[in-house]
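> Below you'll find model_4.cif; it's mmCIF, C-alpha atoms and all ligand atoms.
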data_structure
#
loop_
_atom_site.group_PDB
_atom_site.id
_atom_site.type_symbol
_atom_site.label_atom_id
_atom_site.label_comp_id
_atom_site.auth_asym_id
_atom_site.auth_seq_id
_atom_site.Cartn_x
_atom_site.Cartn_y
_atom_site.Cartn_z
ATOM 1 C CA MET T 1 116.899 68.979 112.899
ATOM 2 C CA GLU T 2 114.561 66.214 111.757
ATOM 3 C CA ILE T 3 113.688 65.393 115.382
ATOM 4 C CA LEU T 4 112.960 69.054 116.118
ATOM 5 C CA LYS T 5 110.699 69.196 113.059
ATOM 6 C CA LYS T 6 108.836 66.091 114.220
ATOM 7 C CA PHE T 7 108.466 67.538 117.713
ATOM 8 C CA ILE T 8 107.026 70.812 116.356
ATOM 9 C CA ASN T 9 104.668 68.837 114.139
ATOM 10 C CA TRP T 10 103.587 66.830 117.174
ATOM 11 C CA LEU T 11 102.914 70.060 119.087
ATOM 12 C CA TYR T 12 101.288 71.857 116.155
ATOM 13 C CA PRO T 13 100.238 69.190 113.673
ATOM 14 C CA TYR T 14 99.605 70.001 110.029
ATOM 15 C CA LYS T 15 95.910 69.684 109.413
ATOM 16 C CA CYS T 16 93.854 69.337 106.268
ATOM 17 C CA VAL T 17 92.311 72.730 105.406
ATOM 18 C CA SER T 18 88.970 71.109 104.747
ATOM 19 C CA CYS T 19 88.316 68.186 107.127
ATOM 20 C CA ASP T 20 90.879 68.984 109.863
ATOM 21 C CA CYS T 21 92.455 65.524 109.886
ATOM 22 C CA VAL T 22 96.118 65.463 110.972
ATOM 23 C CA LEU T 23 98.591 65.232 108.077
ATOM 24 C CA GLU T 24 101.925 63.428 108.098
ATOM 25 C CA THR T 25 103.693 66.076 106.070
ATOM 26 C CA GLU T 26 103.374 69.771 105.369
ATOM 27 C CA ALA T 27 100.494 69.629 102.898
ATOM 28 C CA VAL T 28 97.319 71.634 102.400
ATOM 29 C CA TRP T 29 94.805 68.797 101.993
ATOM 30 C CA CYS T 30 94.441 65.181 102.919
ATOM 31 C CA SER T 31 94.236 62.927 99.861
ATOM 32 C CA ASP T 32 90.446 62.467 100.208
ATOM 33 C CA CYS T 33 89.728 66.203 100.278
ATOM 34 C CA PHE T 34 92.241 66.821 97.491
ATOM 35 C CA MET T 35 90.307 64.375 95.302
ATOM 36 C CA GLU T 36 87.071 66.209 96.106
ATOM 37 C CA THR T 37 88.473 69.687 95.416
ATOM 38 C CA ILE T 38 87.564 71.092 92.011
ATOM 39 C CA PHE T 39 90.241 73.536 90.883
ATOM 40 C CA ILE T 40 89.048 76.270 88.554
ATOM 41 C CA ASP T 41 90.668 75.681 85.207
ATOM 42 C CA GLN T 42 90.157 76.715 81.574
ATOM 43 C CA PRO T 43 87.771 77.136 79.868
ATOM 44 C CA ILE T 44 86.273 79.829 82.079
ATOM 45 C CA CYS T 45 83.904 82.735 81.477
ATOM 46 C CA LYS T 46 86.238 85.649 80.794
ATOM 47 C CA LEU T 47 84.175 87.918 83.058
ATOM 48 C CA CYS T 48 82.978 85.988 86.123
ATOM 49 C CA GLY T 49 85.674 83.284 85.969
ATOM 50 C CA ARG T 50 83.252 80.374 86.377
ATOM 51 C CA MET T 51 84.223 77.159 84.660
ATOM 52 C CA PHE T 52 82.455 76.125 81.486
ATOM 53 C CA GLU T 53 81.402 72.530 81.581
ATOM 54 C CA THR T 54 82.209 71.931 77.919
ATOM 55 C CA LEU T 55 85.662 71.859 76.425
ATOM 56 C CA TYR T 56 84.714 73.946 73.426
ATOM 57 C CA ALA T 57 84.000 77.348 74.920
ATOM 58 C CA CYS T 58 87.025 79.625 75.030
ATOM 59 C CA ASP T 59 87.304 83.351 75.734
ATOM 60 C CA GLU T 60 83.551 83.604 75.969
ATOM 61 C CA MET T 61 81.005 84.884 78.440
ATOM 62 C CA CYS T 62 78.502 82.762 80.337
ATOM 63 C CA ASN T 63 74.745 83.330 80.025
ATOM 64 C CA THR T 64 74.569 85.102 83.404
ATOM 65 C CA CYS T 65 77.209 87.654 82.384
ATOM 66 C CA LEU T 66 75.502 88.157 79.022
ATOM 67 C CA GLU T 67 72.114 88.683 80.634
ATOM 68 C CA PHE T 68 73.305 90.705 83.652
ATOM 69 C CA PRO T 69 76.609 92.329 82.627
ATOM 70 C CA PRO T 70 78.563 92.845 85.859
ATOM 71 C CA SER T 71 80.146 96.147 86.823
ATOM 72 C CA PHE T 72 83.454 94.461 87.707
ATOM 73 C CA ASP T 73 85.983 93.843 84.938
ATOM 74 C CA GLU T 74 86.812 90.280 85.892
ATOM 75 C CA ALA T 75 86.403 87.817 88.745
ATOM 76 C CA ARG T 76 88.645 84.857 89.484
ATOM 77 C CA ALA T 77 88.455 82.069 92.066
ATOM 78 C CA LEU T 78 90.525 79.067 93.113
ATOM 79 C CA PHE T 79 87.894 76.375 93.537
ATOM 80 C CA GLN T 80 84.389 75.453 92.509
ATOM 81 C CA TYR T 81 82.013 75.677 95.450
ATOM 82 C CA ASN T 82 81.199 72.250 96.891
ATOM 83 C CA GLU T 83 81.220 70.615 100.357
ATOM 84 C CA THR T 84 85.032 70.529 100.476
ATOM 85 C CA SER T 85 85.616 74.143 99.477
ATOM 86 C CA LYS T 86 82.690 75.197 101.683
ATOM 87 C CA ASN T 87 84.529 73.685 104.679
ATOM 88 C CA MET T 88 87.652 75.650 103.749
ATOM 89 C CA VAL T 89 85.738 78.914 103.511
ATOM 90 C CA MET T 90 84.002 78.177 106.818
ATOM 91 C CA LYS T 91 87.402 77.984 108.542
ATOM 92 C CA ILE T 92 87.851 81.654 107.789
ATOM 93 C CA LYS T 93 84.195 82.581 108.255
ATOM 94 C CA LYS T 94 83.687 80.892 111.610
ATOM 95 C CA ASN T 95 87.169 80.724 113.150
ATOM 96 C CA ALA T 96 89.077 83.601 111.506
ATOM 97 C CA ASP T 97 91.716 81.019 110.556
ATOM 98 C CA ASN T 98 94.700 83.071 109.346
ATOM 99 C CA HIS T 99 96.682 80.022 108.323
ATOM 100 C CA VAL T 100 93.972 78.939 105.885
ATOM 101 C CA ALA T 101 93.558 82.516 104.620
ATOM 102 C CA LYS T 102 97.333 82.795 104.100
ATOM 103 C CA THR T 103 97.434 79.503 102.179
ATOM 104 C CA PHE T 104 94.721 80.609 99.781
ATOM 105 C CA ALA T 105 96.103 84.141 99.458
ATOM 106 C CA ARG T 106 99.393 82.633 98.283
ATOM 107 C CA MET T 107 97.545 80.371 95.839
ATOM 108 C CA LEU T 108 95.557 83.279 94.384
ATOM 109 C CA PHE T 109 98.760 85.301 93.994
ATOM 110 C CA THR T 110 100.550 82.563 92.059
ATOM 111 C CA ARG T 111 97.498 81.392 90.118
ATOM 112 C CA TYR T 112 96.438 84.809 88.745
ATOM 113 C CA PRO T 113 99.581 86.979 88.376
ATOM 114 C CA ILE T 114 97.890 89.074 85.678
ATOM 115 C CA VAL T 115 95.296 90.315 88.211
ATOM 116 C CA PHE T 116 98.092 91.740 90.368
ATOM 117 C CA LYS T 117 100.074 93.297 87.542
ATOM 118 C CA ASN T 118 98.727 96.857 87.629
ATOM 119 C CA ALA T 119 96.750 96.733 90.869
ATOM 120 C CA ASP T 120 96.993 99.711 93.243
ATOM 121 C CA LEU T 121 94.796 98.650 96.152
ATOM 122 C CA ILE T 122 93.282 95.572 97.765
ATOM 123 C CA VAL T 123 89.803 96.198 99.147
ATOM 124 C CA PRO T 124 87.648 93.690 101.069
ATOM 125 C CA VAL T 125 83.892 93.389 100.559
ATOM 126 C CA PRO T 126 82.598 95.030 103.748
ATOM 127 C CA SER T 127 80.531 93.404 106.468
ATOM 128 C CA HIS T 128 77.704 95.224 108.233
ATOM 129 C CA TRP T 129 78.757 96.490 111.677
ATOM 130 C CA LEU T 130 76.148 94.277 113.379
ATOM 131 C CA LYS T 131 77.716 91.207 111.757
ATOM 132 C CA ILE T 132 81.191 92.374 112.803
ATOM 133 C CA MET T 133 79.936 92.899 116.375
ATOM 134 C CA LYS T 134 78.556 89.366 116.408
ATOM 135 C CA ARG T 135 81.533 87.678 114.764
ATOM 136 C CA GLY T 136 84.310 89.983 115.861
ATOM 137 C CA TYR T 137 85.793 90.344 112.385
ATOM 138 C CA ASN T 138 85.078 90.551 108.673
ATOM 139 C CA PRO T 139 86.129 87.279 106.933
ATOM 140 C CA ALA T 140 86.729 89.031 103.590
ATOM 141 C CA ALA T 141 89.100 91.439 105.367
ATOM 142 C CA ILE T 142 91.174 88.525 106.713
ATOM 143 C CA ILE T 143 91.659 87.117 103.197
ATOM 144 C CA ALA T 144 92.259 90.593 101.705
ATOM 145 C CA SER T 145 94.901 91.466 104.269
ATOM 146 C CA GLU T 146 96.773 88.190 103.646
ATOM 147 C CA ILE T 147 96.656 88.862 99.889
ATOM 148 C CA SER T 148 98.024 92.344 100.554
ATOM 149 C CA LYS T 149 100.919 90.967 102.658
ATOM 150 C CA ILE T 150 101.860 88.401 100.025
ATOM 151 C CA SER T 151 101.557 90.719 97.014
ATOM 152 C CA GLY T 152 102.910 93.882 98.635
ATOM 153 C CA ILE T 153 99.881 95.806 97.299
ATOM 154 C CA ALA T 154 98.353 98.214 99.818
ATOM 155 C CA TYR T 155 95.259 97.143 101.741
ATOM 156 C CA MET T 156 92.405 99.626 102.129
ATOM 157 C CA ASN T 157 89.181 99.216 104.045
ATOM 158 C CA ALA T 158 87.464 101.516 101.571
ATOM 159 C CA MET T 159 83.843 100.412 101.793
ATOM 160 C CA ARG T 160 80.905 100.280 104.157
ATOM 161 C CA ASP T 161 77.926 97.931 104.266
ATOM 162 C CA LEU T 162 74.873 100.067 105.005
ATOM 163 C CA LYS T 163 72.195 97.405 104.936
ATOM 164 C CA LYS T 164 72.185 94.256 106.983
ATOM 165 C CA THR T 165 71.082 92.317 103.918
ATOM 166 C CA ARG T 166 68.723 89.466 104.499
ATOM 167 C CA GLN T 167 69.642 85.885 103.625
ATOM 168 C CA GLN T 168 70.562 85.588 99.960
ATOM 169 C CA LYS T 169 70.069 81.821 99.826
ATOM 170 C CA HIS T 170 67.299 80.468 97.579
ATOM 171 C CA LYS T 171 66.937 83.813 95.831
ATOM 172 C CA SER T 172 67.122 84.320 92.084
ATOM 173 C CA ILE T 173 69.827 86.534 90.586
ATOM 174 C CA GLN T 174 67.273 89.284 90.064
ATOM 175 C CA GLU T 175 66.141 89.067 93.708
ATOM 176 C CA ARG T 176 69.717 89.035 94.973
ATOM 177 C CA MET T 177 70.517 92.107 92.912
ATOM 178 C CA GLU T 178 67.498 93.916 94.340
ATOM 179 C CA ASN T 179 68.403 92.711 97.827
ATOM 180 C CA VAL T 180 71.852 94.351 97.734
ATOM 181 C CA ALA T 181 70.956 97.423 95.652
ATOM 182 C CA GLY T 182 72.417 100.506 97.319
ATOM 183 C CA ALA T 183 73.800 98.402 100.197
ATOM 184 C CA PHE T 184 77.430 99.472 99.818
ATOM 185 C CA ILE T 185 79.193 102.796 99.763
ATOM 186 C CA CYS T 186 82.782 103.683 99.069
ATOM 187 C CA LYS T 187 84.360 106.004 101.660
ATOM 188 C CA LYS T 188 87.495 106.940 99.701
ATOM 189 C CA ARG T 189 88.407 108.729 96.503
ATOM 190 C CA LEU T 190 89.827 106.193 94.108
ATOM 191 C CA HIS T 191 90.582 108.330 91.083
ATOM 192 C CA ASP T 192 92.069 106.131 88.334
ATOM 193 C CA LYS T 193 92.923 103.340 90.759
ATOM 194 C CA ASN T 194 93.005 99.668 89.825
ATOM 195 C CA ILE T 195 91.302 97.727 92.588
ATOM 196 C CA ILE T 196 91.367 94.107 93.645
ATOM 197 C CA LEU T 197 88.085 93.460 95.455
ATOM 198 C CA VAL T 198 88.156 90.437 97.768
ATOM 199 C CA ASP T 199 85.400 88.185 99.101
ATOM 200 C CA ASP T 200 85.174 84.557 100.236
ATOM 201 C CA VAL T 201 82.749 83.161 97.625
ATOM 202 C CA LEU T 202 81.212 84.337 94.368
ATOM 203 C CA THR T 203 77.692 82.962 94.077
ATOM 204 C CA THR T 204 75.488 85.010 91.763
ATOM 205 C CA GLY T 205 77.994 87.864 91.833
ATOM 206 C CA ALA T 206 75.330 90.334 93.049
ATOM 207 C CA THR T 207 77.416 91.529 96.031
ATOM 208 C CA LEU T 208 80.643 91.909 94.042
ATOM 209 C CA ASN T 209 78.674 93.656 91.310
ATOM 210 C CA GLU T 210 77.142 96.163 93.727
ATOM 211 C CA CYS T 211 80.492 96.816 95.455
ATOM 212 C CA SER T 212 82.228 97.343 92.100
ATOM 213 C CA LYS T 213 79.535 99.826 91.141
ATOM 214 C CA ALA T 214 80.253 101.802 94.318
ATOM 215 C CA LEU T 215 84.036 101.642 93.749
ATOM 216 C CA LYS T 216 83.680 102.860 90.184
ATOM 217 C CA GLY T 217 81.321 105.577 91.390
ATOM 218 C CA CYS T 218 84.265 106.837 93.472
ATOM 219 C CA GLY T 219 86.596 106.889 90.480
ATOM 220 C CA ALA T 220 88.074 103.372 90.342
ATOM 221 C CA LYS T 221 89.296 102.628 86.828
ATOM 222 C CA HIS T 222 89.360 98.834 86.944
ATOM 223 C CA VAL T 223 87.954 96.315 89.420
ATOM 224 C CA SER T 224 89.153 92.705 89.537
ATOM 225 C CA CYS T 225 87.492 90.418 92.061
ATOM 226 C CA LEU T 226 89.217 87.541 93.821
ATOM 227 C CA THR T 227 87.436 84.869 95.842
ATOM 228 C CA ILE T 228 88.398 81.494 97.236
ATOM 229 C CA ALA T 229 85.488 79.692 95.610
ATOM 230 C CA CYS T 230 82.807 80.323 93.004
ATOM 231 C CA THR T 231 79.640 78.446 92.169
ATOM 232 C CA ARG T 232 79.045 76.434 89.016
ATOM 233 C CA ILE T 233 78.024 78.154 85.848
ATOM 234 C CA ILE T 234 74.241 78.698 85.652
ATOM 235 C CA GLN T 235 73.056 77.337 82.328
HETATM 236 ZN ZN ZN L 1 90.672 66.432 104.439
HETATM 237 ZN ZN ZN L 2 80.248 84.744 83.512
#
Will you turn the file into structure tokens for me?


Amino acid sequence: MEILKKFINWLYPYKCVSCDCVLETEAVWCSDCFMETIFIDQPICKLCGRMFETLYACDEMCNTCLEFPPSFDEARALFQYNETSKNMVMKIKKNADNHVAKTFARMLFTRYPIVFKNADLIVPVPSHWLKIMKRGYNPAAIIASEISKISGIAYMNAMRDLKKTRQQKHKSIQERMENVAGAFICKKRLHDKNIILVDDVLTTGATLNECSKALKGCGAKHVSCLTIACTRIIQ
């Protein structure tokens, strides 16, 4: 049995989800990448889920959420966005890596059981059809469908991206919000439904905010967002 296991591992080696190095055992990261990974842990902003950098804040909201209250009810992520978590996200974004998506879907499911408690539907943040044509898939949909398989909660491609939004990088929160305003529509009736909205990364939250607005406009009662990574808190 052990020999068979070794042979399979030789054929299909376990690889680090971030740097791709071959691992000796069935693990997610190599030790270097594990050391570089920042796991989201308390204290976090109760709305956007970003980590506070001081130990004193508890059950509070960050300045961004106070200044620009989001339309979603909560957002939670696994890791803080840095080079290591960026590499992990890129595996799904550039190579549609289902194995990586499955690994993180399982982690999200065990890490945030409360988010799944009363959820009715899992909805991915949509990609514009031109982006899907170019890439062949929507990365958020890959993660969302793995979360649906693991949790047993129904998956629904309920939204459409109407605007091929321009690059969001180097834009302020205000600019990002304007950039995505009216970009998303919900195609389904979601009367009284509790939704889990899925994306790869939460940066300013402008996209998740706009999508949640559209979902609530179609009757959704509660929107929780799940992402693999989120950026640092903006002071
Ligand atoms: Zn690694
Ligand atoms: Zn916040």

> Residues within 12 Å of segment 127-135 of chain T, please, as a PyMOL selection string. Count all atoms listed in the file; anything in the same chain fewer than 5 positions from it doesn't count.

chain T and resi 92-96+140-142+157-166+183-185+198-200+207+211

> Is it possible to get the residues within 12 Å of (97.0, 82.2, 96.0) (coordinates as in the file, counting all atoms listed in the file) written as an MDAnalysis selection string?

chainID T and resid 76:79 100:113 115:116 143:144 146:151 226:229

> Could you check how far atom CA of Leu11 of chain T sits from atom CA of Ala27 of chain T, in Å to one decimal?

16.4 Å

> Within 10 Å of ligand ZN 2 (chain L), which residues show up when you count all atoms listed in the file? List them as a ChimeraX atom specification, please.

/T:44-52,60-70,74-75,204-205,233-234

> Please determine, counting only C-alpha atoms and all ligand atoms, which residue among T:Val123, T:Thr203, T:His99, T:Asp32 has the shortest atom-to-atom distance to ligand ZN 1 (chain L).

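Once distances to ligand ZN 1 (chain L) are computed over only C-alpha atoms and all ligand atoms, the minimum belongs to T:Asp32.
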
> So which residues are near ligand ZN 1 (chain L), meaning at most 10 Å away with all atoms listed in the file counted, given back as a PDB file with C-alpha atoms, in the coordinates of the input?


ATOM      1  CA  LYS T  15      95.910  69.684 109.413  1.00  0.00           C
ATOM      2  CA  CYS T  16      93.854  69.337 106.268  1.00  0.00           C
ATOM      3  CA  VAL T  17      92.311  72.730 105.406  1.00  0.00           C
ATOM      4  CA  SER T  18      88.970  71.109 104.747  1.00  0.00           C
ATOM      5  CA  CYS T  19      88.316  68.186 107.127  1.00  0.00           C
ATOM      6  CA  ASP T  20      90.879  68.984 109.863  1.00  0.00           C
ATOM      7  CA  CYS T  21      92.455  65.524 109.886  1.00  0.00           C
ATOM      8  CA  VAL T  22      96.118  65.463 110.972  1.00  0.00           C
ATOM      9  CA  LEU T  23      98.591  65.232 108.077  1.00  0.00           C
ATOM     10  CA  VAL T  28      97.319  71.634 102.400  1.00  0.00           C
ATOM     11  CA  TRP T  29      94.805  68.797 101.993  1.00  0.00           C
ATOM     12  CA  CYS T  30      94.441  65.181 102.919  1.00  0.00           C
ATOM     13  CA  SER T  31      94.236  62.927  99.861  1.00  0.00           C
ATOM     14  CA  ASP T  32      90.446  62.467 100.208  1.00  0.00           C
ATOM     15  CA  CYS T  33      89.728  66.203 100.278  1.00  0.00           C
ATOM     16  CA  PHE T  34      92.241  66.821  97.491  1.00  0.00           C
ATOM     17  CA  MET T  35      90.307  64.375  95.302  1.00  0.00           C
ATOM     18  CA  GLU T  36      87.071  66.209  96.106  1.00  0.00           C
ATOM     19  CA  THR T  37      88.473  69.687  95.416  1.00  0.00           C
ATOM     20  CA  THR T  84      85.032  70.529 100.476  1.00  0.00           C
ATOM     21  CA  ASN T  87      84.529  73.685 104.679  1.00  0.00           C
ATOM     22  CA  MET T  88      87.652  75.650 103.749  1.00  0.00           C
TER      23      MET T  88
END

> Just to confirm, what's the straight-line distance from atom CA of Cys186 of chain T to atom CA of Leu202 of chain T in Å (one decimal)?

20.0 Å

> At what distance in Å, to one decimal, does atom CA of Glu178 of chain T lie from atom CA of Ser224 of chain T?

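Between these atoms lies a distance of 22.2 Å.
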
> Could you check which of T:Glu83, T:Asn194, T:Ser71, T:Asp97 is closest to Lys117 of chain T, using only C-alpha atoms?

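Going through T:Glu83, T:Asn194, T:Ser71, T:Asp97 one by one, the smallest distance to Lys117 of chain T is for T:Asn194.
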
> Determine the nearest neighbour of Val180 of chain T from the options T:Gly219, T:Leu4, T:Ala154, T:Ala214, counting all atoms listed in the file.

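Closest residue, counting all atoms listed in the file: T:Ala214.
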
> Between T:Pro43, T:Pro139, T:Pro124, T:Pro13, which one has atoms that come closest to Leu208 of chain T, using all atoms listed in the file?

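Comparing T:Pro43, T:Pro139, T:Pro124, T:Pro13 against Leu208 of chain T, the winner is T:Pro124.
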
> Once N, CA and C atoms are restored for segment 13-46 of chain T, what would the output be as a PDB file, in the frame of the given file?


ATOM      1  N   PRO T  13     100.313  70.047 114.865  1.00  0.00           N
ATOM      2  CA  PRO T  13     100.238  69.190 113.673  1.00  0.00           C
ATOM      3  C   PRO T  13      99.676  69.905 112.447  1.00  0.00           C
ATOM      4  N   TYR T  14     100.186  69.495 111.277  1.00  0.00           N
ATOM      5  CA  TYR T  14      99.605  70.001 110.029  1.00  0.00           C
ATOM      6  C   TYR T  14      98.235  69.374 109.885  1.00  0.00           C
ATOM      7  N   LYS T  15      97.277  70.207 109.559  1.00  0.00           N
ATOM      8  CA  LYS T  15      95.910  69.684 109.413  1.00  0.00           C
ATOM      9  C   LYS T  15      95.360  70.000 108.032  1.00  0.00           C
ATOM     10  N   CYS T  16      94.507  69.124 107.558  1.00  0.00           N
ATOM     11  CA  CYS T  16      93.854  69.337 106.268  1.00  0.00           C
ATOM     12  C   CYS T  16      92.978  70.596 106.366  1.00  0.00           C
ATOM     13  N   VAL T  17      93.070  71.477 105.360  1.00  0.00           N
ATOM     14  CA  VAL T  17      92.311  72.730 105.406  1.00  0.00           C
ATOM     15  C   VAL T  17      90.804  72.519 105.289  1.00  0.00           C
ATOM     16  N   SER T  18      90.404  71.333 104.882  1.00  0.00           N
ATOM     17  CA  SER T  18      88.970  71.109 104.747  1.00  0.00           C
ATOM     18  C   SER T  18      88.395  70.280 105.885  1.00  0.00           C
ATOM     19  N   CYS T  19      88.966  69.072 106.147  1.00  0.00           N
ATOM     20  CA  CYS T  19      88.316  68.186 107.127  1.00  0.00           C
ATOM     21  C   CYS T  19      89.014  68.167 108.486  1.00  0.00           C
ATOM     22  N   ASP T  20      90.179  68.870 108.579  1.00  0.00           N
ATOM     23  CA  ASP T  20      90.879  68.984 109.863  1.00  0.00           C
ATOM     24  C   ASP T  20      91.640  67.733 110.295  1.00  0.00           C
ATOM     25  N   CYS T  21      91.707  66.713 109.470  1.00  0.00           N
ATOM     26  CA  CYS T  21      92.455  65.524 109.886  1.00  0.00           C
ATOM     27  C   CYS T  21      93.947  65.871 109.957  1.00  0.00           C
ATOM     28  N   VAL T  22      94.691  65.176 110.797  1.00  0.00           N
ATOM     29  CA  VAL T  22      96.118  65.463 110.972  1.00  0.00           C
ATOM     30  C   VAL T  22      96.893  64.865 109.797  1.00  0.00           C
ATOM     31  N   LEU T  23      97.814  65.683 109.238  1.00  0.00           N
ATOM     32  CA  LEU T  23      98.591  65.232 108.077  1.00  0.00           C
ATOM     33  C   LEU T  23     100.001  64.848 108.506  1.00  0.00           C
ATOM     34  N   GLU T  24     100.573  63.899 107.792  1.00  0.00           N
ATOM     35  CA  GLU T  24     101.925  63.428 108.098  1.00  0.00           C
ATOM     36  C   GLU T  24     102.973  64.466 107.709  1.00  0.00           C
ATOM     37  N   THR T  25     102.707  65.122 106.580  1.00  0.00           N
ATOM     38  CA  THR T  25     103.693  66.076 106.070  1.00  0.00           C
ATOM     39  C   THR T  25     103.046  67.448 105.912  1.00  0.00           C
ATOM     40  N   GLU T  26     103.891  68.413 105.553  1.00  0.00           N
ATOM     41  CA  GLU T  26     103.374  69.771 105.369  1.00  0.00           C
ATOM     42  C   GLU T  26     102.608  69.837 104.045  1.00  0.00           C
ATOM     43  N   ALA T  27     101.323  69.567 104.105  1.00  0.00           N
ATOM     44  CA  ALA T  27     100.494  69.629 102.898  1.00  0.00           C
ATOM     45  C   ALA T  27      99.268  70.473 103.223  1.00  0.00           C
ATOM     46  N   VAL T  28      98.504  70.796 102.194  1.00  0.00           N
ATOM     47  CA  VAL T  28      97.319  71.634 102.400  1.00  0.00           C
ATOM     48  C   VAL T  28      96.093  70.759 102.670  1.00  0.00           C
ATOM     49  N   TRP T  29      95.968  69.672 101.885  1.00  0.00           N
ATOM     50  CA  TRP T  29      94.805  68.797 101.993  1.00  0.00           C
ATOM     51  C   TRP T  29      95.211  67.376 102.370  1.00  0.00           C
ATOM     52  N   CYS T  30      94.244  66.626 102.848  1.00  0.00           N
ATOM     53  CA  CYS T  30      94.441  65.181 102.919  1.00  0.00           C
ATOM     54  C   CYS T  30      94.094  64.655 101.522  1.00  0.00           C
ATOM     55  N   SER T  31      94.451  63.417 101.228  1.00  0.00           N
ATOM     56  CA  SER T  31      94.236  62.927  99.861  1.00  0.00           C
ATOM     57  C   SER T  31      92.744  62.872  99.515  1.00  0.00           C
ATOM     58  N   ASP T  32      91.887  62.536 100.488  1.00  0.00           N
ATOM     59  CA  ASP T  32      90.446  62.467 100.208  1.00  0.00           C
ATOM     60  C   ASP T  32      89.905  63.839  99.797  1.00  0.00           C
ATOM     61  N   CYS T  33      90.240  64.848 100.581  1.00  0.00           N
ATOM     62  CA  CYS T  33      89.728  66.203 100.278  1.00  0.00           C
ATOM     63  C   CYS T  33      90.328  66.733  98.975  1.00  0.00           C
ATOM     64  N   PHE T  34      91.598  66.379  98.732  1.00  0.00           N
ATOM     65  CA  PHE T  34      92.241  66.821  97.491  1.00  0.00           C
ATOM     66  C   PHE T  34      91.474  66.278  96.281  1.00  0.00           C
ATOM     67  N   MET T  35      91.058  65.006  96.394  1.00  0.00           N
ATOM     68  CA  MET T  35      90.307  64.375  95.302  1.00  0.00           C
ATOM     69  C   MET T  35      88.952  65.053  95.099  1.00  0.00           C
ATOM     70  N   GLU T  36      88.401  65.576  96.178  1.00  0.00           N
ATOM     71  CA  GLU T  36      87.071  66.209  96.106  1.00  0.00           C
ATOM     72  C   GLU T  36      87.131  67.678  95.685  1.00  0.00           C
ATOM     73  N   THR T  37      88.340  68.262  95.731  1.00  0.00           N
ATOM     74  CA  THR T  37      88.473  69.687  95.416  1.00  0.00           C
ATOM     75  C   THR T  37      88.466  69.904  93.907  1.00  0.00           C
ATOM     76  N   ILE T  38      87.612  70.798  93.452  1.00  0.00           N
ATOM     77  CA  ILE T  38      87.564  71.092  92.011  1.00  0.00           C
ATOM     78  C   ILE T  38      88.284  72.415  91.776  1.00  0.00           C
ATOM     79  N   PHE T  39      89.455  72.333  91.161  1.00  0.00           N
ATOM     80  CA  PHE T  39      90.241  73.536  90.883  1.00  0.00           C
ATOM     81  C   PHE T  39      89.684  74.224  89.636  1.00  0.00           C
ATOM     82  N   ILE T  40      89.540  75.524  89.723  1.00  0.00           N
ATOM     83  CA  ILE T  40      89.048  76.270  88.554  1.00  0.00           C
ATOM     84  C   ILE T  40      90.122  76.226  87.473  1.00  0.00           C
ATOM     85  N   ASP T  41      89.720  75.798  86.304  1.00  0.00           N
ATOM     86  CA  ASP T  41      90.668  75.681  85.207  1.00  0.00           C
ATOM     87  C   ASP T  41      89.964  76.064  83.904  1.00  0.00           C
ATOM     88  N   GLN T  42      90.734  76.359  82.880  1.00  0.00           N
ATOM     89  CA  GLN T  42      90.157  76.715  81.574  1.00  0.00           C
ATOM     90  C   GLN T  42      89.281  75.573  81.052  1.00  0.00           C
ATOM     91  N   PRO T  43      88.242  75.812  80.286  1.00  0.00           N
ATOM     92  CA  PRO T  43      87.771  77.136  79.868  1.00  0.00           C
ATOM     93  C   PRO T  43      86.879  77.782  80.934  1.00  0.00           C
ATOM     94  N   ILE T  44      87.090  79.082  81.117  1.00  0.00           N
ATOM     95  CA  ILE T  44      86.273  79.829  82.079  1.00  0.00           C
ATOM     96  C   ILE T  44      85.606  81.007  81.372  1.00  0.00           C
ATOM     97  N   CYS T  45      84.534  81.514  81.990  1.00  0.00           N
ATOM     98  CA  CYS T  45      83.904  82.735  81.477  1.00  0.00           C
ATOM     99  C   CYS T  45      84.905  83.863  81.701  1.00  0.00           C
ATOM    100  N   LYS T  46      85.185  84.646  80.658  1.00  0.00           N
ATOM    101  CA  LYS T  46      86.238  85.649  80.794  1.00  0.00           C
ATOM    102  C   LYS T  46      85.868  86.761  81.783  1.00  0.00           C
TER     103      LYS T  46
END
